[in-house]
Structure formats: structure tokens, C-alpha cells
>>> print(open('upload29.pdb').read())   # PDB, N, CA and C atoms
ATOM      1  N   MET A  21     212.125 294.026   7.355
ATOM      2  CA  MET A  21     211.022 294.918   7.053
ATOM      3  C   MET A  21     209.854 294.084   6.529
ATOM      4  N   ILE A  22     208.671 294.480   6.873
ATOM      5  CA  ILE A  22     207.493 293.690   6.547
ATOM      6  C   ILE A  22     207.181 293.699   5.047
ATOM      7  N   LEU A  23     207.549 294.753   4.344
ATOM      8  CA  LEU A  23     207.227 294.826   2.922
ATOM      9  C   LEU A  23     208.003 293.808   2.090
ATOM     10  N   THR A  24     209.074 293.267   2.622
ATOM     11  CA  THR A  24     209.840 292.282   1.871
ATOM     12  C   THR A  24     209.092 290.965   1.762
ATOM     13  N   PHE A  25     208.120 290.736   2.636
ATOM     14  CA  PHE A  25     207.367 289.494   2.628
ATOM     15  C   PHE A  25     206.024 289.624   1.912
ATOM     16  N   ILE A  26     205.686 290.817   1.434
ATOM     17  CA  ILE A  26     204.407 291.028   0.763
ATOM     18  C   ILE A  26     204.630 290.959  -0.742
ATOM     19  N   GLY A  27     203.874 290.107  -1.399
ATOM     20  CA  GLY A  27     203.993 289.961  -2.845
ATOM     21  C   GLY A  27     202.992 290.828  -3.583
ATOM     22  N   THR A  28     202.992 290.695  -4.884
ATOM     23  CA  THR A  28     202.106 291.477  -5.742
ATOM     24  C   THR A  28     200.644 291.173  -5.461
ATOM     25  N   THR A  29     200.328 289.922  -5.292
ATOM     26  CA  THR A  29     198.943 289.532  -5.028
ATOM     27  C   THR A  29     198.439 290.145  -3.729
ATOM     28  N   GLU A  30     199.260 290.116  -2.704
ATOM     29  CA  GLU A  30     198.863 290.686  -1.427
ATOM     30  C   GLU A  30     198.666 292.196  -1.525
ATOM     31  N   LEU A  31     199.563 292.869  -2.253
ATOM     32  CA  LEU A  31     199.419 294.316  -2.429
ATOM     33  C   LEU A  31     198.136 294.661  -3.178
ATOM     34  N   LEU A  32     197.817 293.892  -4.209
ATOM     35  CA  LEU A  32     196.577 294.128  -4.942
ATOM     36  C   LEU A  32     195.351 293.883  -4.060
ATOM     37  N   LEU A  33     195.404 292.862  -3.239
ATOM     38  CA  LEU A  33     194.308 292.565  -2.325
ATOM     39  C   LEU A  33     194.128 293.687  -1.304
ATOM     40  N   ILE A  34     195.224 294.159  -0.739
ATOM     41  CA  ILE A  34     195.163 295.259   0.233
ATOM     42  C   ILE A  34     194.635 296.531  -0.446
ATOM     43  N   GLY A  35     195.120 296.823  -1.652
ATOM     44  CA  GLY A  35     194.647 297.996  -2.387
ATOM     45  C   GLY A  35     193.172 297.912  -2.723
ATOM     46  N   GLY A  36     192.714 296.740  -3.150
ATOM     47  CA  GLY A  36     191.292 296.556  -3.459
ATOM     48  C   GLY A  36     190.427 296.691  -2.221
ATOM     49  N   LEU A  37     190.875 296.146  -1.118
ATOM     50  CA  LEU A  37     190.136 296.257   0.134
ATOM     51  C   LEU A  37     190.061 297.710   0.595
ATOM     52  N   ALA A  38     191.176 298.431   0.483
ATOM     53  CA  ALA A  38     191.181 299.852   0.861
ATOM     54  C   ALA A  38     190.241 300.645  -0.038
ATOM     55  N   LEU A  39     190.211 300.321  -1.315
ATOM     56  CA  LEU A  39     189.322 301.000  -2.251
ATOM     57  C   LEU A  39     187.857 300.756  -1.890
ATOM     58  N   LEU A  40     187.538 299.529  -1.501
ATOM     59  CA  LEU A  40     186.165 299.209  -1.105
ATOM     60  C   LEU A  40     185.774 299.897   0.203
ATOM     61  N   LEU A  41     186.689 299.927   1.164
ATOM     62  CA  LEU A  41     186.371 300.504   2.465
ATOM     63  C   LEU A  41     186.284 302.021   2.443
ATOM     64  N   VAL A  42     187.192 302.660   1.746
ATOM     65  CA  VAL A  42     187.293 304.118   1.788
ATOM     66  C   VAL A  42     186.549 304.773   0.629
ATOM     67  N   GLY A  43     186.639 304.189  -0.532
ATOM     68  CA  GLY A  43     186.018 304.794  -1.706
ATOM     69  C   GLY A  43     187.064 305.423  -2.599
ATOM     70  N   GLY A  44     186.718 305.539  -3.857
ATOM     71  CA  GLY A  44     187.665 306.033  -4.848
ATOM     72  C   GLY A  44     188.020 307.498  -4.718
ATOM     73  N   LYS A  45     187.134 308.291  -4.143
ATOM     74  CA  LYS A  45     187.408 309.725  -4.045
ATOM     75  C   LYS A  45     188.296 310.067  -2.856
ATOM     76  N   LYS A  46     188.141 309.344  -1.769
ATOM     77  CA  LYS A  46     188.900 309.648  -0.557
ATOM     78  C   LYS A  46     190.266 308.959  -0.502
ATOM     79  N   LEU A  47     190.424 307.868  -1.227
ATOM     80  CA  LEU A  47     191.661 307.092  -1.146
ATOM     81  C   LEU A  47     192.906 307.891  -1.542
ATOM     82  N   PRO A  48     192.911 308.621  -2.670
ATOM     83  CA  PRO A  48     194.114 309.403  -3.004
ATOM     84  C   PRO A  48     194.447 310.457  -1.955
ATOM     85  N   GLU A  49     193.409 311.067  -1.408
ATOM     86  CA  GLU A  49     193.617 312.084  -0.373
ATOM     87  C   GLU A  49     194.245 311.462   0.878
ATOM     88  N   MET A  50     193.766 310.291   1.258
ATOM     89  CA  MET A  50     194.316 309.612   2.430
ATOM     90  C   MET A  50     195.754 309.172   2.190
ATOM     91  N   MET A  51     196.047 308.668   1.009
ATOM     92  CA  MET A  51     197.405 308.229   0.696
ATOM     93  C   MET A  51     198.364 309.415   0.649
ATOM     94  N   ARG A  52     197.887 310.549   0.153
ATOM     95  CA  ARG A  52     198.708 311.751   0.123
ATOM     96  C   ARG A  52     199.047 312.181   1.553
ATOM     97  N   GLY A  53     198.068 312.135   2.446
ATOM     98  CA  GLY A  53     198.304 312.474   3.843
ATOM     99  C   GLY A  53     199.268 311.498   4.505
ATOM    100  N   LEU A  54     199.124 310.229   4.180
ATOM    101  CA  LEU A  54     200.036 309.219   4.710
ATOM    102  C   LEU A  54     201.465 309.473   4.223
ATOM    103  N   GLY A  55     201.592 309.815   2.954
ATOM    104  CA  GLY A  55     202.918 310.117   2.394
ATOM    105  C   GLY A  55     203.559 311.313   3.063
ATOM    106  N   LYS A  56     202.760 312.353   3.333
ATOM    107  CA  LYS A  56     203.292 313.534   4.025
ATOM    108  C   LYS A  56     203.737 313.173   5.437
ATOM    109  N   GLY A  57     202.958 312.337   6.101
ATOM    110  CA  GLY A  57     203.324 311.920   7.455
ATOM    111  C   GLY A  57     204.623 311.129   7.473
ATOM    112  N   VAL A  58     204.773 310.222   6.520
ATOM    113  CA  VAL A  58     206.000 309.425   6.437
ATOM    114  C   VAL A  58     207.187 310.324   6.125
ATOM    115  N   ARG A  59     206.995 311.290   5.241
ATOM    116  CA  ARG A  59     208.076 312.214   4.893
ATOM    117  C   ARG A  59     208.497 313.033   6.111
ATOM    118  N   GLU A  60     207.522 313.532   6.885
ATOM    119  CA  GLU A  60     207.847 314.298   8.086
ATOM    120  C   GLU A  60     208.590 313.430   9.100
ATOM    121  N   PHE A  61     208.173 312.182   9.228
ATOM    122  CA  PHE A  61     208.850 311.266  10.143
ATOM    123  C   PHE A  61     210.298 311.045   9.711
ATOM    124  N   LYS A  62     210.515 310.820   8.422
ATOM    125  CA  LYS A  62     211.874 310.613   7.915
ATOM    126  C   LYS A  62     212.738 311.852   8.137
ATOM    127  N   ASP A  63     212.165 313.038   7.874
ATOM    128  CA  ASP A  63     212.910 314.278   8.084
ATOM    129  C   ASP A  63     213.290 314.447   9.548
ATOM    130  N   GLY A  64     212.361 314.135  10.443
ATOM    131  CA  GLY A  64     212.644 314.221  11.866
ATOM    132  C   GLY A  64     213.736 313.250  12.286
ATOM    133  N   MET A  65     213.685 312.031  11.764
ATOM    134  CA  MET A  65     214.715 311.042  12.090
ATOM    135  C   MET A  65     216.076 311.476  11.552
ATOM    136  N   ARG A  66     216.087 312.042  10.349
ATOM    137  CA  ARG A  66     217.346 312.518   9.765
ATOM    138  C   ARG A  66     217.914 313.654  10.619
ATOM    139  N   GLU A  67     217.047 314.561  11.058
ATOM    140  CA  GLU A  67     217.491 315.679  11.880
ATOM    141  C   GLU A  67     218.050 315.182  13.221
ATOM    142  N   MET A  68     217.380 314.223  13.827
ATOM    143  CA  MET A  68     217.873 313.666  15.088
ATOM    144  C   MET A  68     219.226 312.987  14.886
ATOM    145  N   SER A  69     219.392 312.298  13.773
ATOM    146  CA  SER A  69     220.658 311.634  13.485
ATOM    147  C   SER A  69     221.782 312.656  13.317
ATOM    148  N   GLU A  70     221.484 313.761  12.630
ATOM    149  CA  GLU A  70     222.494 314.802  12.439
ATOM    150  C   GLU A  70     222.868 315.440  13.767
ATOM    151  N   LEU A  71     221.862 315.702  14.618
ATOM    152  CA  LEU A  71     222.154 316.289  15.926
ATOM    153  C   LEU A  71     222.999 315.346  16.771
ATOM    154  N   ARG A  72     222.688 314.063  16.699
ATOM    155  CA  ARG A  72     223.444 313.070  17.459
ATOM    156  C   ARG A  72     224.893 313.032  16.966
ATOM    157  N   SER A  73     225.085 313.088  15.654
ATOM    158  CA  SER A  73     226.444 313.073  15.095
ATOM    159  C   SER A  73     227.225 314.298  15.546
ATOM    160  N   GLU A  74     226.550 315.459  15.564
ATOM    161  CA  GLU A  74     227.219 316.680  16.017
ATOM    162  C   GLU A  74     227.613 316.568  17.484
ATOM    163  N   ASP A  75     226.707 316.027  18.306
ATOM    164  CA  ASP A  75     227.009 315.877  19.729
ATOM    165  C   ASP A  75     228.171 314.925  19.952
ATOM    166  N   VAL A  76     228.206 313.846  19.211
ATOM    167  CA  VAL A  76     229.292 312.872  19.357
ATOM    168  C   VAL A  76     230.615 313.503  18.945
ATOM    169  N   SER A  77     230.627 314.270  17.859
ATOM    170  CA  SER A  77     231.882 314.891  17.421
ATOM    171  C   SER A  77     232.334 315.967  18.410
ATOM    172  N   GLU A  78     231.380 316.722  18.981
ATOM    173  CA  GLU A  78     231.746 317.719  19.988
ATOM    174  C   GLU A  78     232.322 317.044  21.226
ATOM    175  N   PHE A  79     231.714 315.952  21.664
ATOM    176  CA  PHE A  79     232.202 315.214  22.823
ATOM    177  C   PHE A  79     233.601 314.678  22.549
ATOM    178  N   SER A  80     233.805 314.167  21.358
ATOM    179  CA  SER A  80     235.115 313.635  20.984
ATOM    180  C   SER A  80     236.162 314.740  20.990
ATOM    181  N   ASP A  81     235.805 315.914  20.445
ATOM    182  CA  ASP A  81     236.735 317.048  20.440
ATOM    183  C   ASP A  81     237.072 317.479  21.863
ATOM    184  N   GLU A  82     236.080 317.499  22.763
ATOM    185  CA  GLU A  82     236.316 317.874  24.156
ATOM    186  C   GLU A  82     237.251 316.875  24.826
ATOM    187  N   GLN A  83     237.031 315.596  24.571
ATOM    188  CA  GLN A  83     237.879 314.567  25.177
ATOM    189  C   GLN A  83     239.316 314.683  24.669
ATOM    190  N   ASN A  84     239.486 314.986  23.385
ATOM    191  CA  ASN A  84     240.828 315.134  22.815
ATOM    192  C   ASN A  84     241.535 316.339  23.417
ATOM    193  N   SER A  85     240.802 317.449  23.585
ATOM    194  CA  SER A  85     241.444 318.642  24.148
ATOM    195  C   SER A  85     241.789 318.446  25.614
ATOM    196  N   LYS A  86     240.974 317.684  26.368
ATOM    197  CA  LYS A  86     241.275 317.412  27.777
ATOM    198  C   LYS A  86     242.513 316.515  27.894
ATOM    199  N   SER A  87     242.634 315.538  27.023
ATOM    200  CA  SER A  87     243.777 314.634  27.097
ATOM    201  C   SER A  87     245.069 315.343  26.701
ATOM    202  N   GLU A  88     244.987 316.354  25.849
ATOM    203  CA  GLU A  88     246.169 317.107  25.474
ATOM    204  C   GLU A  88     246.622 318.019  26.604
ATOM    205  N   ASN A  89     245.682 318.497  27.421
ATOM    206  CA  ASN A  89     246.015 319.401  28.532
ATOM    207  C   ASN A  89     246.605 318.658  29.724
ATOM    208  N   ILE A  90     246.400 317.363  29.804
ATOM    209  CA  ILE A  90     246.891 316.595  30.956
ATOM    210  C   ILE A  90     248.328 316.249  30.814
TER     211      ILE A  90
END
>>> encode(input="upload29.pdb", output="C-alpha cells")
Amino acid sequence: MILTFIGTTELLLIGGLALLLVGGKKLPEMMRGLGKGVREFKDGMREMSELRSEDVSEFSDEQNSKSENI
């Protein structure tokens, strides 16, 4: 992950640059929107993972029942 290579100095530099480019009033609003987007992405990924797990278990159950009938 890229954040493992970013130190404190780099984070402060990025934050200061963002503050200069966007401004103090808009920055919290933009970060809040970014946080909501990341949260929605994580929720979607979690949901896809759960659906995949359900499909795999259903497939496994079908294969077990077919092998018992043979």
C-alpha cells in the first residue's frame, strides 16, 4: 500500500499544498465527501465478498448433494 511509504513530513506537505490549492473553507467539505466515497466503496466491496461467499457455499452444497446421489 502506498501509505506505508509516506512519512509525517510528506503528509504535512500534501496537507499544506491541499490547503493552499483548495482553501480552508472547502477542504473539510471535500475531505468529508472523499470519506463518504471511500466508505461506500468499502461497503460495496464487503457486499460483493459476502455474495461471492454465499455463491461458493451454494455451489459446494450442490456438488456434495450430486455426489451423494451418484
>>> atom_distance(input="upload29.pdb", atom1="CA of Gly55 in chain A", atom2="CA of Ala38 in chain A")
15.7 Å
>>> axis_aligned_box(input="upload29.pdb", around="range 68-86 of chain A", padding_each_side="8 Å", output="lines of an AutoDock Vina configuration file")
center_x = 229.9
center_y = 315.1
center_z = 20.2
size_x = 41.1
size_y = 23.0
size_z = 31.5
>>> atom_distance(input="upload29.pdb", atom1="CA of Ser80 in chain A", atom2="CA of Gly64 in chain A")
24.3 Å
>>> atom_distance(input="upload29.pdb", atom1="atom N of Phe25 in chain A", atom2="atom C of Leu37 in chain A")
19.5 Å
>>> build_atoms(input="upload29.pdb", residues="range 71-82 of chain A", atoms="all heavy atoms", output="PDB file, in the coordinates of the input")
ATOM      1  N   LEU A  71     221.862 315.702  14.618  1.00  0.00           N
ATOM      2  CA  LEU A  71     222.154 316.289  15.926  1.00  0.00           C
ATOM      3  C   LEU A  71     222.999 315.346  16.771  1.00  0.00           C
ATOM      4  O   LEU A  71     223.928 315.771  17.463  1.00  0.00           O
ATOM      5  CB  LEU A  71     220.854 316.628  16.665  1.00  0.00           C
ATOM      6  CG  LEU A  71     220.068 317.822  16.138  1.00  0.00           C
ATOM      7  CD1 LEU A  71     218.734 317.930  16.849  1.00  0.00           C
ATOM      8  CD2 LEU A  71     220.860 319.100  16.299  1.00  0.00           C
ATOM      9  N   ARG A  72     222.688 314.063  16.699  1.00  0.00           N
ATOM     10  CA  ARG A  72     223.444 313.070  17.459  1.00  0.00           C
ATOM     11  C   ARG A  72     224.893 313.032  16.966  1.00  0.00           C
ATOM     12  O   ARG A  72     225.825 312.969  17.763  1.00  0.00           O
ATOM     13  CB  ARG A  72     222.803 311.696  17.322  1.00  0.00           C
ATOM     14  CG  ARG A  72     223.473 310.641  18.126  1.00  0.00           C
ATOM     15  CD  ARG A  72     222.697 309.334  18.062  1.00  0.00           C
ATOM     16  NE  ARG A  72     223.366 308.310  18.827  1.00  0.00           N
ATOM     17  CZ  ARG A  72     224.193 307.420  18.322  1.00  0.00           C
ATOM     18  NH1 ARG A  72     224.446 307.417  17.041  1.00  0.00           N
ATOM     19  NH2 ARG A  72     224.772 306.530  19.083  1.00  0.00           N
ATOM     20  N   SER A  73     225.085 313.088  15.654  1.00  0.00           N
ATOM     21  CA  SER A  73     226.444 313.073  15.095  1.00  0.00           C
ATOM     22  C   SER A  73     227.225 314.298  15.546  1.00  0.00           C
ATOM     23  O   SER A  73     228.413 314.203  15.869  1.00  0.00           O
ATOM     24  CB  SER A  73     226.391 313.029  13.572  1.00  0.00           C
ATOM     25  OG  SER A  73     225.813 311.844  13.126  1.00  0.00           O
ATOM     26  N   GLU A  74     226.550 315.459  15.564  1.00  0.00           N
ATOM     27  CA  GLU A  74     227.219 316.680  16.017  1.00  0.00           C
ATOM     28  C   GLU A  74     227.613 316.568  17.484  1.00  0.00           C
ATOM     29  O   GLU A  74     228.717 316.960  17.870  1.00  0.00           O
ATOM     30  CB  GLU A  74     226.304 317.890  15.812  1.00  0.00           C
ATOM     31  CG  GLU A  74     226.089 318.260  14.365  1.00  0.00           C
ATOM     32  CD  GLU A  74     225.045 319.346  14.191  1.00  0.00           C
ATOM     33  OE1 GLU A  74     224.557 319.900  15.208  1.00  0.00           O
ATOM     34  OE2 GLU A  74     224.698 319.642  13.038  1.00  0.00           O
ATOM     35  N   ASP A  75     226.707 316.027  18.306  1.00  0.00           N
ATOM     36  CA  ASP A  75     227.009 315.877  19.729  1.00  0.00           C
ATOM     37  C   ASP A  75     228.171 314.925  19.952  1.00  0.00           C
ATOM     38  O   ASP A  75     229.037 315.174  20.791  1.00  0.00           O
ATOM     39  CB  ASP A  75     225.777 315.378  20.490  1.00  0.00           C
ATOM     40  CG  ASP A  75     224.698 316.439  20.634  1.00  0.00           C
ATOM     41  OD1 ASP A  75     225.012 317.623  20.428  1.00  0.00           O
ATOM     42  OD2 ASP A  75     223.553 316.072  20.957  1.00  0.00           O
ATOM     43  N   VAL A  76     228.206 313.846  19.211  1.00  0.00           N
ATOM     44  CA  VAL A  76     229.292 312.872  19.357  1.00  0.00           C
ATOM     45  C   VAL A  76     230.615 313.503  18.945  1.00  0.00           C
ATOM     46  O   VAL A  76     231.638 313.320  19.620  1.00  0.00           O
ATOM     47  CB  VAL A  76     228.997 311.602  18.535  1.00  0.00           C
ATOM     48  CG1 VAL A  76     230.226 310.728  18.427  1.00  0.00           C
ATOM     49  CG2 VAL A  76     227.838 310.836  19.142  1.00  0.00           C
ATOM     50  N   SER A  77     230.627 314.270  17.859  1.00  0.00           N
ATOM     51  CA  SER A  77     231.882 314.891  17.421  1.00  0.00           C
ATOM     52  C   SER A  77     232.334 315.967  18.410  1.00  0.00           C
ATOM     53  O   SER A  77     233.526 316.103  18.673  1.00  0.00           O
ATOM     54  CB  SER A  77     231.741 315.465  16.014  1.00  0.00           C
ATOM     55  OG  SER A  77     230.857 316.556  15.996  1.00  0.00           O
ATOM     56  N   GLU A  78     231.380 316.722  18.981  1.00  0.00           N
ATOM     57  CA  GLU A  78     231.746 317.719  19.988  1.00  0.00           C
ATOM     58  C   GLU A  78     232.322 317.044  21.226  1.00  0.00           C
ATOM     59  O   GLU A  78     233.314 317.498  21.792  1.00  0.00           O
ATOM     60  CB  GLU A  78     230.523 318.564  20.381  1.00  0.00           C
ATOM     61  CG  GLU A  78     230.084 319.539  19.333  1.00  0.00           C
ATOM     62  CD  GLU A  78     228.827 320.289  19.720  1.00  0.00           C
ATOM     63  OE1 GLU A  78     228.406 320.202  20.907  1.00  0.00           O
ATOM     64  OE2 GLU A  78     228.259 320.959  18.849  1.00  0.00           O
ATOM     65  N   PHE A  79     231.714 315.952  21.664  1.00  0.00           N
ATOM     66  CA  PHE A  79     232.202 315.214  22.823  1.00  0.00           C
ATOM     67  C   PHE A  79     233.601 314.678  22.549  1.00  0.00           C
ATOM     68  O   PHE A  79     234.485 314.746  23.401  1.00  0.00           O
ATOM     69  CB  PHE A  79     231.247 314.067  23.171  1.00  0.00           C
ATOM     70  CG  PHE A  79     231.688 313.257  24.343  1.00  0.00           C
ATOM     71  CD1 PHE A  79     231.558 313.748  25.627  1.00  0.00           C
ATOM     72  CD2 PHE A  79     232.245 312.001  24.154  1.00  0.00           C
ATOM     73  CE1 PHE A  79     231.966 312.999  26.716  1.00  0.00           C
ATOM     74  CE2 PHE A  79     232.658 311.247  25.233  1.00  0.00           C
ATOM     75  CZ  PHE A  79     232.517 311.739  26.513  1.00  0.00           C
ATOM     76  N   SER A  80     233.805 314.167  21.358  1.00  0.00           N
ATOM     77  CA  SER A  80     235.115 313.635  20.984  1.00  0.00           C
ATOM     78  C   SER A  80     236.162 314.740  20.990  1.00  0.00           C
ATOM     79  O   SER A  80     237.280 314.543  21.476  1.00  0.00           O
ATOM     80  CB  SER A  80     235.028 312.981  19.611  1.00  0.00           C
ATOM     81  OG  SER A  80     236.277 312.523  19.200  1.00  0.00           O
ATOM     82  N   ASP A  81     235.805 315.914  20.445  1.00  0.00           N
ATOM     83  CA  ASP A  81     236.735 317.048  20.440  1.00  0.00           C
ATOM     84  C   ASP A  81     237.072 317.479  21.863  1.00  0.00           C
ATOM     85  O   ASP A  81     238.229 317.798  22.174  1.00  0.00           O
ATOM     86  CB  ASP A  81     236.139 318.224  19.668  1.00  0.00           C
ATOM     87  CG  ASP A  81     236.033 317.945  18.179  1.00  0.00           C
ATOM     88  OD1 ASP A  81     236.685 316.996  17.697  1.00  0.00           O
ATOM     89  OD2 ASP A  81     235.273 318.680  17.495  1.00  0.00           O
ATOM     90  N   GLU A  82     236.080 317.499  22.763  1.00  0.00           N
ATOM     91  CA  GLU A  82     236.316 317.874  24.156  1.00  0.00           C
ATOM     92  C   GLU A  82     237.251 316.875  24.826  1.00  0.00           C
ATOM     93  O   GLU A  82     238.145 317.264  25.570  1.00  0.00           O
ATOM     94  CB  GLU A  82     234.994 317.942  24.926  1.00  0.00           C
ATOM     95  CG  GLU A  82     234.127 319.117  24.552  1.00  0.00           C
ATOM     96  CD  GLU A  82     232.775 319.087  25.258  1.00  0.00           C
ATOM     97  OE1 GLU A  82     232.578 318.243  26.169  1.00  0.00           O
ATOM     98  OE2 GLU A  82     231.918 319.898  24.893  1.00  0.00           O
TER      99      GLU A  82
END
